[in-house]
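Okay, run_4.pdb is below, PDB, C-alpha atoms:
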ATOM      1  CA  MET A   2       0.000   0.000   0.000
ATOM      2  CA  LYS A   3       2.898   2.336   0.676
ATOM      3  CA  TYR A   4       4.085   2.201  -2.919
ATOM      4  CA  VAL A   5       0.584   2.477  -4.336
ATOM      5  CA  SER A   6       0.018   5.715  -2.417
ATOM      6  CA  LEU A   7       3.380   7.028  -3.588
ATOM      7  CA  LEU A   8       2.553   6.304  -7.179
ATOM      8  CA  LEU A   9      -0.896   7.814  -6.915
ATOM      9  CA  ALA A  10       0.733  10.957  -5.575
ATOM     10  CA  LEU A  11       3.080  10.931  -8.548
ATOM     11  CA  ALA A  12       0.159  10.790 -10.978
ATOM     12  CA  GLY A  13      -0.342  14.513 -10.560
ATOM     13  CA  MET A  14       3.243  15.130 -11.675
ATOM     14  CA  LEU A  15       3.003  13.187 -14.953
ATOM     15  CA  ALA A  16       4.580  14.580 -18.091
ATOM     16  CA  CYS A  17       5.095  13.185 -21.567
ATOM     17  CA  SER A  18       8.401  11.399 -22.045
ATOM     18  CA  VAL A  19      10.331  13.044 -24.835
ATOM     19  CA  VAL A  20      11.884  10.297 -26.933
ATOM     20  CA  VAL A  21      13.904  10.579 -30.093
ATOM     21  CA  ALA A  22      12.090   8.660 -32.841
ATOM     22  CA  ALA A  23      14.169   6.123 -34.780
ATOM     23  CA  ALA A  24      17.304   7.177 -32.882
ATOM     24  CA  SER A  25      20.451   5.097 -32.572
ATOM     25  CA  PRO A  26      21.354   3.682 -29.142
ATOM     26  CA  GLU A  27      24.035   6.333 -28.704
ATOM     27  CA  GLN A  28      21.604   9.090 -29.683
ATOM     28  CA  ASP A  29      19.200   7.737 -27.057
ATOM     29  CA  ARG A  30      21.917   7.861 -24.413
ATOM     30  CA  GLN A  31      23.063  11.343 -25.345
ATOM     31  CA  HIS A  32      19.459  12.528 -25.352
ATOM     32  CA  LEU A  33      19.006  11.362 -21.757
ATOM     33  CA  ILE A  34      22.268  13.001 -20.723
ATOM     34  CA  GLU A  35      20.993  16.305 -22.138
ATOM     35  CA  VAL A  36      17.627  15.892 -20.387
ATOM     36  CA  TYR A  37      19.345  15.413 -17.032
ATOM     37  CA  LYS A  38      21.796  18.252 -17.632
ATOM     38  CA  LYS A  39      18.786  20.514 -17.922
ATOM     39  CA  GLU A  40      16.722  19.037 -15.088
ATOM     40  CA  LEU A  41      19.582  18.143 -12.695
ATOM     41  CA  PRO A  42      22.308  20.690 -13.505
ATOM     42  CA  ASN A  43      24.186  20.162 -10.226
ATOM     43  CA  VAL A  44      24.761  16.435 -10.786
ATOM     44  CA  LYS A  45      28.026  15.546 -12.502
ATOM     45  CA  PHE A  46      27.993  12.660 -14.981
ATOM     46  CA  ASP A  47      30.227  10.424 -12.846
ATOM     47  CA  ASP A  48      27.931  10.922  -9.847
ATOM     48  CA  TYR A  49      25.029   9.155 -11.565
ATOM     49  CA  VAL A  50      26.476   5.861 -10.320
ATOM     50  CA  HIS A  51      25.016   6.788  -6.923
ATOM     51  CA  GLY A  52      21.444   6.935  -8.226
ATOM     52  CA  ALA A  53      19.118   8.964  -6.024
ATOM     53  CA  LEU A  54      21.926   9.254  -3.455
ATOM     54  CA  ALA A  55      23.609  11.765  -5.772
ATOM     55  CA  LEU A  56      20.643  14.060  -5.139
ATOM     56  CA  ASN A  57      20.726  13.870  -1.351
ATOM     57  CA  LYS A  58      23.911  14.716   0.565
ATOM     58  CA  ASP A  59      22.710  13.195   3.842
ATOM     59  CA  ALA A  60      21.689   9.932   2.170
ATOM     60  CA  LEU A  61      25.017   9.753   0.333
ATOM     61  CA  GLU A  62      26.918  10.207   3.592
ATOM     62  CA  GLN A  63      24.809   7.464   5.197
ATOM     63  CA  TYR A  64      25.624   5.184   2.251
ATOM     64  CA  GLN A  65      29.346   5.919   2.540
ATOM     65  CA  SER A  66      29.230   5.141   6.244
ATOM     66  CA  ILE A  67      27.473   1.813   5.668
ATOM     67  CA  MET A  68      29.927   0.846   2.927
ATOM     68  CA  GLU A  69      32.878   1.256   5.309
ATOM     69  CA  MET A  70      31.764  -1.925   7.075
ATOM     70  CA  PRO A  71      28.957  -3.571   5.057
ATOM     71  CA  PRO A  72      26.819  -5.959   7.145
ATOM     72  CA  TRP A  73      26.437  -8.382   4.223
ATOM     73  CA  LEU A  74      30.054  -9.466   3.775
ATOM     74  CA  ASP A  75      29.031 -12.983   4.791
ATOM     75  CA  VAL A  76      26.781 -13.156   1.703
ATOM     76  CA  LEU A  77      29.680 -12.147  -0.529
ATOM     77  CA  ASP A  78      31.822 -14.795   1.188
ATOM     78  CA  LYS A  79      29.188 -17.397   0.243
ATOM     79  CA  GLY A  80      29.207 -16.071  -3.304
ATOM     80  CA  LYS A  81      32.985 -16.328  -3.422
ATOM     81  CA  LYS A  82      32.800 -19.934  -2.269
ATOM     82  CA  LEU A  83      30.301 -20.713  -5.040
ATOM     83  CA  TRP A  84      32.569 -18.998  -7.576
ATOM     84  CA  GLU A  85      35.705 -20.845  -6.483
ATOM     85  CA  THR A  86      34.242 -24.318  -5.838
ATOM     86  CA  PRO A  87      35.273 -26.564  -8.766
ATOM     87  CA  PHE A  88      32.686 -28.258 -10.947
ATOM     88  CA  LYS A  89      32.739 -32.039 -11.120
ATOM     89  CA  ASN A  90      35.151 -31.794 -14.067
ATOM     90  CA  GLY A  91      37.595 -29.715 -12.008
ATOM     91  CA  LYS A  92      37.000 -26.406 -13.792
ATOM     92  CA  THR A  93      35.533 -23.261 -12.225
ATOM     93  CA  TYR A  94      33.580 -20.212 -13.365
ATOM     94  CA  ALA A  95      36.861 -18.379 -13.854
ATOM     95  CA  ASP A  96      37.673 -20.763 -16.712
ATOM     96  CA  CYS A  97      34.622 -19.598 -18.644
ATOM     97  CA  PHE A  98      35.467 -15.906 -18.808
ATOM     98  CA  PRO A  99      38.380 -13.804 -20.067
ATOM     99  CA  ASN A 100      40.858 -12.703 -17.402
ATOM    100  CA  GLY A 101      39.411 -15.187 -14.930
ATOM    101  CA  GLY A 102      36.146 -13.259 -14.720
ATOM    102  CA  LYS A 103      37.709  -9.911 -13.858
ATOM    103  CA  ASP A 104      36.459  -6.837 -15.729
ATOM    104  CA  VAL A 105      33.851  -8.709 -17.746
ATOM    105  CA  ALA A 106      30.482  -7.937 -16.137
ATOM    106  CA  GLY A 107      30.383  -4.495 -17.727
ATOM    107  CA  ASN A 108      30.124  -6.167 -21.144
ATOM    108  CA  TYR A 109      26.773  -7.700 -20.183
ATOM    109  CA  PRO A 110      24.031  -7.902 -21.275
ATOM    110  CA  GLN A 111      25.230  -8.721 -24.767
ATOM    111  CA  TYR A 112      23.504 -10.008 -27.869
ATOM    112  CA  ASP A 113      24.508 -13.557 -28.798
ATOM    113  CA  ARG A 114      24.243 -14.016 -32.555
ATOM    114  CA  LYS A 115      24.299 -17.812 -32.319
ATOM    115  CA  LEU A 116      21.539 -17.941 -29.729
ATOM    116  CA  LYS A 117      19.772 -14.991 -31.400
ATOM    117  CA  LYS A 118      18.943 -13.392 -28.076
ATOM    118  CA  VAL A 119      20.262 -11.176 -25.311
ATOM    119  CA  VAL A 120      22.424 -12.924 -22.724
ATOM    120  CA  THR A 121      22.631 -11.300 -19.297
ATOM    121  CA  PHE A 122      25.521 -11.870 -16.903
ATOM    122  CA  ASP A 123      23.571 -14.322 -14.767
ATOM    123  CA  MET A 124      22.616 -16.217 -17.934
ATOM    124  CA  ALA A 125      26.315 -16.335 -18.839
ATOM    125  CA  LEU A 126      27.033 -17.852 -15.418
ATOM    126  CA  ASN A 127      24.400 -20.512 -16.102
ATOM    127  CA  LEU A 128      25.812 -21.191 -19.572
ATOM    128  CA  CYS A 129      29.159 -21.771 -17.865
ATOM    129  CA  ARG A 130      27.543 -24.291 -15.546
ATOM    130  CA  GLU A 131      25.879 -26.146 -18.406
ATOM    131  CA  GLN A 132      29.049 -26.198 -20.511
ATOM    132  CA  ASN A 133      30.750 -27.910 -17.584
ATOM    133  CA  GLY A 134      28.070 -30.522 -17.011
ATOM    134  CA  GLU A 135      26.280 -28.770 -14.151
ATOM    135  CA  ALA A 136      22.563 -28.040 -13.851
ATOM    136  CA  PRO A 137      21.672 -24.355 -14.266
ATOM    137  CA  TYR A 138      20.524 -22.322 -11.287
ATOM    138  CA  ASP A 139      17.067 -20.812 -11.068
ATOM    139  CA  LEU A 140      17.618 -17.192 -12.142
ATOM    140  CA  SER A 141      15.105 -16.005  -9.552
ATOM    141  CA  ASP A 142      16.819 -17.761  -6.621
ATOM    142  CA  VAL A 143      18.787 -15.158  -4.661
ATOM    143  CA  LYS A 144      20.367 -17.807  -2.419
ATOM    144  CA  THR A 145      22.192 -19.395  -5.349
ATOM    145  CA  MET A 146      22.266 -17.305  -8.519
ATOM    146  CA  GLY A 147      21.745 -14.015  -6.684
ATOM    147  CA  THR A 148      24.548 -14.762  -4.227
ATOM    148  CA  LEU A 149      26.881 -15.997  -6.971
ATOM    149  CA  GLU A 150      26.201 -12.943  -9.125
ATOM    150  CA  ALA A 151      26.625 -10.592  -6.162
ATOM    151  CA  TYR A 152      30.201 -11.780  -5.748
ATOM    152  CA  ALA A 153      31.019 -12.326  -9.433
ATOM    153  CA  ARG A 154      30.115  -8.747 -10.288
ATOM    154  CA  THR A 155      32.454  -7.379  -7.627
ATOM    155  CA  LEU A 156      35.315  -8.745  -9.755
ATOM    156  CA  SER A 157      34.420  -6.023 -12.266
ATOM    157  CA  ASP A 158      34.127  -3.139  -9.814
ATOM    158  CA  GLY A 159      35.582  -0.029 -11.428
ATOM    159  CA  MET A 160      35.151  -1.352 -14.959
ATOM    160  CA  LYS A 161      33.197   1.067 -17.121
ATOM    161  CA  MET A 162      29.907  -0.144 -18.531
ATOM    162  CA  ASN A 163      30.596  -1.162 -22.130
ATOM    163  CA  ILE A 164      27.401  -2.457 -23.733
ATOM    164  CA  LYS A 165      27.537  -2.919 -27.501
ATOM    165  CA  VAL A 166      24.634  -2.996 -29.941
ATOM    166  CA  ASP A 167      26.032  -4.414 -33.176
ATOM    167  CA  GLY A 168      23.968  -5.861 -36.015
ATOM    168  CA  PRO A 169      20.243  -6.036 -36.810
ATOM    169  CA  GLY A 170      19.433  -8.705 -34.219
ATOM    170  CA  ALA A 171      21.063  -6.731 -31.431
ATOM    171  CA  LEU A 172      19.355  -3.524 -32.520
ATOM    172  CA  ALA A 173      15.953  -5.236 -32.635
ATOM    173  CA  ALA A 174      16.426  -6.526 -29.064
ATOM    174  CA  TYR A 175      17.615  -3.102 -27.902
ATOM    175  CA  ASN A 176      14.568  -1.429 -29.457
ATOM    176  CA  LYS A 177      12.229  -3.916 -27.761
ATOM    177  CA  GLY A 178      13.832  -3.055 -24.431
ATOM    178  CA  ARG A 179      13.566   0.644 -25.212
ATOM    179  CA  ASP A 180       9.894   0.273 -26.133
ATOM    180  CA  LEU A 181       9.163  -1.498 -22.836
ATOM    181  CA  PHE A 182      10.979   1.218 -20.886
ATOM    182  CA  TYR A 183       8.763   3.911 -22.399
ATOM    183  CA  SER A 184       5.498   1.914 -22.528
ATOM    184  CA  ARG A 185       2.843   2.575 -19.928
ATOM    185  CA  ARG A 186       1.535  -0.526 -18.167
ATOM    186  CA  GLY A 187      -0.710  -1.544 -15.326
ATOM    187  CA  GLN A 188      -3.761   0.002 -13.736
ATOM    188  CA  LEU A 189      -1.796   3.130 -12.852
ATOM    189  CA  ASN A 190      -0.665   3.519 -16.491
ATOM    190  CA  PHE A 191       2.993   4.139 -15.662
ATOM    191  CA  ALA A 192       6.153   3.509 -17.651
ATOM    192  CA  CYS A 193       9.688   3.181 -16.306
ATOM    193  CA  ALA A 194      10.288   6.592 -17.889
ATOM    194  CA  THR A 195       7.423   8.162 -15.961
ATOM    195  CA  CYS A 196       9.442   8.044 -12.761
ATOM    196  CA  HIS A 197      13.018   7.913 -13.988
ATOM    197  CA  VAL A 198      12.946  10.377 -16.892
ATOM    198  CA  ASP A 199       9.908  12.656 -16.543
ATOM    199  CA  ASN A 200      10.205  12.990 -12.778
ATOM    200  CA  ALA A 201      13.815  12.102 -12.016
ATOM    201  CA  GLY A 202      15.086  14.133  -9.096
ATOM    202  CA  LYS A 203      11.619  14.887  -7.792
ATOM    203  CA  ARG A 204      10.410  13.752  -4.418
ATOM    204  CA  VAL A 205       7.240  11.737  -4.019
ATOM    205  CA  ARG A 206       6.405  11.706  -0.324
ATOM    206  CA  VAL A 207       9.625  10.258   1.140
ATOM    207  CA  GLU A 208      10.875   8.767  -2.131
ATOM    208  CA  LEU A 209      13.473  10.544  -4.280
ATOM    209  CA  LEU A 210      13.264   9.313  -7.868
ATOM    210  CA  SER A 211      16.593   8.358  -9.419
ATOM    211  CA  PRO A 212      17.620   9.125 -13.019
ATOM    212  CA  THR A 213      17.946   6.252 -15.491
ATOM    213  CA  ILE A 214      21.632   6.869 -16.213
ATOM    214  CA  GLY A 215      23.742   4.994 -13.680
ATOM    215  CA  GLN A 216      20.984   2.724 -12.409
ATOM    216  CA  ALA A 217      22.343  -0.459 -13.994
ATOM    217  CA  THR A 218      25.878  -0.048 -12.636
ATOM    218  CA  HIS A 219      25.410  -1.261  -9.068
ATOM    219  CA  TRP A 220      23.282  -4.418  -9.065
ATOM    220  CA  PRO A 221      22.742  -6.693  -7.230
ATOM    221  CA  VAL A 222      22.157  -4.444  -4.228
ATOM    222  CA  PHE A 223      21.433  -4.932  -0.563
ATOM    223  CA  ARG A 224      18.305  -2.966   0.259
ATOM    224  CA  GLY A 225      17.175  -1.690   3.626
ATOM    225  CA  THR A 226      18.704  -3.850   6.340
ATOM    226  CA  GLY A 227      20.501  -6.121   3.885
ATOM    227  CA  LYS A 228      18.017  -7.942   1.649
ATOM    228  CA  LEU A 229      19.735  -9.035  -1.555
ATOM    229  CA  THR A 230      17.877  -7.810  -4.647
ATOM    230  CA  THR A 231      18.766  -8.311  -8.298
ATOM    231  CA  LEU A 232      17.982  -5.873 -11.094
ATOM    232  CA  GLN A 233      15.262  -7.989 -12.676
ATOM    233  CA  ARG A 234      13.685  -8.646  -9.293
ATOM    234  CA  ARG A 235      13.535  -4.871  -8.955
ATOM    235  CA  TYR A 236      11.817  -4.686 -12.348
ATOM    236  CA  GLN A 237       9.196  -7.066 -10.974
ATOM    237  CA  GLN A 238       8.690  -4.975  -7.851
ATOM    238  CA  CYS A 239       8.231  -1.804  -9.893
ATOM    239  CA  GLN A 240       5.666  -3.443 -12.143
ATOM    240  CA  LYS A 241       3.745  -4.744  -9.153
ATOM    241  CA  ASN A 242       3.778  -1.222  -7.719
ATOM    242  CA  VAL A 243       1.983   0.107 -10.797
ATOM    243  CA  ARG A 244      -0.425  -2.849 -10.671
ATOM    244  CA  ALA A 245       0.948  -4.509 -13.775
ATOM    245  CA  VAL A 246       1.502  -8.237 -14.122
ATOM    246  CA  PRO A 247       5.304  -8.639 -13.977
ATOM    247  CA  PHE A 248       7.248 -10.716 -16.467
ATOM    248  CA  LYS A 249       9.281 -13.703 -15.346
ATOM    249  CA  ILE A 250      12.889 -13.136 -14.289
ATOM    250  CA  GLY A 251      15.015 -14.174 -17.235
ATOM    251  CA  SER A 252      12.216 -13.522 -19.725
ATOM    252  CA  GLU A 253      12.988 -12.066 -23.148
ATOM    253  CA  GLU A 254      11.114  -8.909 -22.122
ATOM    254  CA  TYR A 255      13.269  -8.263 -19.052
ATOM    255  CA  ASN A 256      16.479  -9.303 -20.797
ATOM    256  CA  ASP A 257      15.831  -6.809 -23.595
ATOM    257  CA  LEU A 258      14.878  -4.147 -21.047
ATOM    258  CA  GLU A 259      18.114  -4.769 -19.159
ATOM    259  CA  TYR A 260      20.012  -4.511 -22.462
ATOM    260  CA  PHE A 261      18.580  -1.056 -23.174
ATOM    261  CA  HIS A 262      18.799   0.002 -19.527
ATOM    262  CA  SER A 263      22.455  -0.996 -19.232
ATOM    263  CA  TYR A 264      23.427   0.755 -22.452
ATOM    264  CA  MET A 265      22.153   4.020 -20.949
ATOM    265  CA  SER A 266      24.914   3.706 -18.312
ATOM    266  CA  ASN A 267      27.768   3.200 -20.777
ATOM    267  CA  GLY A 268      30.921   4.955 -19.660
ATOM    268  CA  LEU A 269      30.120   4.790 -15.943
ATOM    269  CA  PRO A 270      32.072   2.520 -13.555
ATOM    270  CA  LEU A 271      30.499  -0.540 -11.977
ATOM    271  CA  GLN A 272      30.258  -1.008  -8.247
ATOM    272  CA  ALA A 273      28.307  -4.124  -7.370
ATOM    273  CA  SER A 274      26.781  -5.325  -4.123
ATOM    274  CA  VAL A 275      26.255  -1.935  -2.568
ATOM    275  CA  TRP A 276      23.541  -0.597  -0.271
ATOM    276  CA  ARG A 277      20.401   1.102  -1.469
ATOM    277  CA  LYS A 278      17.516   2.365   0.593
TER
END
Here is a file; write its structure as structure tokens.
Amino acid sequence: MKYVSLLLALAGMLACSVVVAAASPEQDRQHLIEVYKKELPNVKFDDYVHGALALNKDALEQYQSIMEMPPWLDVLDKGKKLWETPFKNGKTYADCFPNGGKDVAGNYPQYDRKLKKVVTFDMALNLCREQNGEAPYDLSDVKTMGTLEAYARTLSDGMKMNIKVDGPGALAAYNKGRDLFYSRRGQLNFACATCHVDNAGKRVRVELLSPTIGQATHWPVFRGTGKLTTLQRRYQQCQKNVRAVPFKIGSEEYNDLEYFHSYMSNGLPLQASVWRK
């Protein structure tokens, strides 16, 4: 009920999302940068990695204090154990990725021409398992895949997001993700862009709405008192908040959305497994 009331309050602040028709991915990204320069002139580009925290000095200081001694290090230790435990054939996840898995997460999601679909980082981890004779994890299970991804992404902390959209198949998937981002859904008739483009930086009751740029750089996150949440699980929560039926984690719809969403953060450094309110 809390989120429903927040969203109903936001309804009075609705504006039309300005989108560039038939734009290239880079034109889309530059367009958003210009929108935020106008609406949030005091936020530097590099600060977008902090999300809504970049708009609130007190909240940012609280975040920095929490990150000095995160209370979820035990979860990352479990993720590290999953990462380092050999498969039955003796290989590990590190054998599946360049540089042993370091500085690779920022290349995901990526379009796989052989599979003819977007592959997210957690899907890549599952492909590694299958290639080594192991059963894939449930993408929605935070105790296995979520915990593994939480640690695996920390190996790419500091790497700049580097999503590529090359070829017609990749562009089609990107455009599907873009369309979903700007499409209104649910009983409240909201799009992702309603909050994170039209009203980014505005406060709705106690909620400060974060801009789209930078959002994809820090997942998974530990929310509140330490609950592990993945990006696509957050997509589900947002869609429930607007009274829309959410898609399944790992669905083509969410994978394409994550593809578009991540491209919007190109050039910003990753910092995984951080705290968010």
#### Entry: Counting all atoms listed in the file, the option among A:Lys228, A:Lys203, A:His262, A:Arg235 closest to Val76 in chain A
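Of A:Lys228, A:Lys203, A:His262, A:Arg235, the one nearest Val76 in chain A is A:Lys228, counting all atoms listed in the file.
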### Task
Determine, counting all atoms listed in the file, which protein, DNA and RNA residues have an atom within 12 Å of an atom of range 170-175 of chain A; residues of the same chain fewer than 6 positions away are not included. Present the result as a PyMOL selection string.
chain A and resi 23-27+29+110-120+164+181-182+253-265
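Residue membership of the PyMOL selection byres ((chain A and resi 92-97) around 10) in the shown file amounts to Leu83, Trp84, Glu85, Thr86, Pro87, Phe88, Lys89, Asn90, Gly91, Phe98, Pro99, Asn100, Gly101, Gly102, Lys103, Ala125, Leu126, Asn127, Leu128, Cys129, Arg130, Gln132, Asn133 and Ala153 of chain A.
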### Task
Using CA of Ala217 in chain A and CA of Lys58 in chain A as the two end points, give the distance in Å to one decimal.
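Between these atoms lies a distance of 21.1 Å.
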#### Entry: Nearest residue to Ala201 in chain A from the set A:Gln216, A:Ser266, A:Tyr138, A:Gly159 (distances using all atoms listed in the file)
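Of A:Gln216, A:Ser266, A:Tyr138, A:Gly159, the one nearest Ala201 in chain A is A:Gln216, counting all atoms listed in the file.
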### Query
Between A:Asp167, A:Asp180, A:Asp139, A:Asp104, which is the closest to Lys249 in chain A once you count only C-alpha atoms?
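Ranked by minimum distance to Lys249 in chain A, first place goes to A:Asp139.
Close contacts of range 191-196 of chain A, defined as residues with an atom at most 7 Å away when counting only C-alpha atoms, with chain neighbours fewer than 2 positions off set aside, comprise Leu15, Ser18, Phe182, Tyr183, Ser184, Arg185, Arg186, Gly187, Leu189, Val198, Asp199, Asn200, Ala201, Leu210 and Val243 of chain A.
Distances here use all atoms listed in the file; by that measure, the residue among A:Gln65, A:Ser252, A:Asn176, A:Gln28 closest to Thr121 in chain A is A:Ser252.
Using the PyMOL selection byres ((chain A and resi 163) around 6) on the file at hand returns these residues: Gly107, Asn108, Met162, Ile164 and Asn267 of chain A.
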### Task
For CA of Val50 in chain A and CA of Val246 in chain A, determine how far apart the two atoms are, in Å to one decimal place.
28.9 Å
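The space between CA of Val36 in chain A and CA of Lys278 in chain A spans 25.0 Å.
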Find the smallest box with edges along x, y and z containing every listed atom of range 36-47 of chain A, then add 5 Å on each side and report centre and edge lengths in Å to one decimal, as AutoDock Vina command-line options.
--center_x 23.5 --center_y 15.6 --center_z -15.3 --size_x 23.5 --size_y 20.3 --size_z 20.2
### Task
Would you translate the PyMOL selection byres ((chain A and resi 150) around 12) into the concrete set of residues it matches in this file, as a PyMOL selection string?
chain A and resi 76-84+94+102+106+121-127+138+140-149+151-157+219-222+229-232+273-274
### Task
Fewer than 5 positions away in the same chain doesn't count, so skip those; otherwise give me all residues within 9 Å of range 62-64 of chain A, counting all atoms listed in the file, as a ChimeraX atom specification.
/A:54,57,69,275-278
### Query
If you count only C-alpha atoms, which residues fall within 10 Å of range 42-45 of chain A, apart from same-chain ones fewer than 6 positions away, as a ChimeraX atom specification?
/A:35-36,55-56
With only C-alpha atoms as the counted atoms, please give the residues lying no more than 7 Å from Ser211 in chain A, apart from itself and same-chain residues fewer than 2 positions off, as a PDB file with C-alpha atoms, in the coordinates of the input.
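Final output, saved to out.pdb:
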ATOM      1  CA  GLY A  52      21.444   6.935  -8.226  1.00  0.00           C
ATOM      2  CA  ALA A  53      19.118   8.964  -6.024  1.00  0.00           C
ATOM      3  CA  HIS A 197      13.018   7.913 -13.988  1.00  0.00           C
ATOM      4  CA  ALA A 201      13.815  12.102 -12.016  1.00  0.00           C
ATOM      5  CA  GLY A 202      15.086  14.133  -9.096  1.00  0.00           C
ATOM      6  CA  LEU A 209      13.473  10.544  -4.280  1.00  0.00           C
ATOM      7  CA  THR A 213      17.946   6.252 -15.491  1.00  0.00           C
TER       8      THR A 213
END
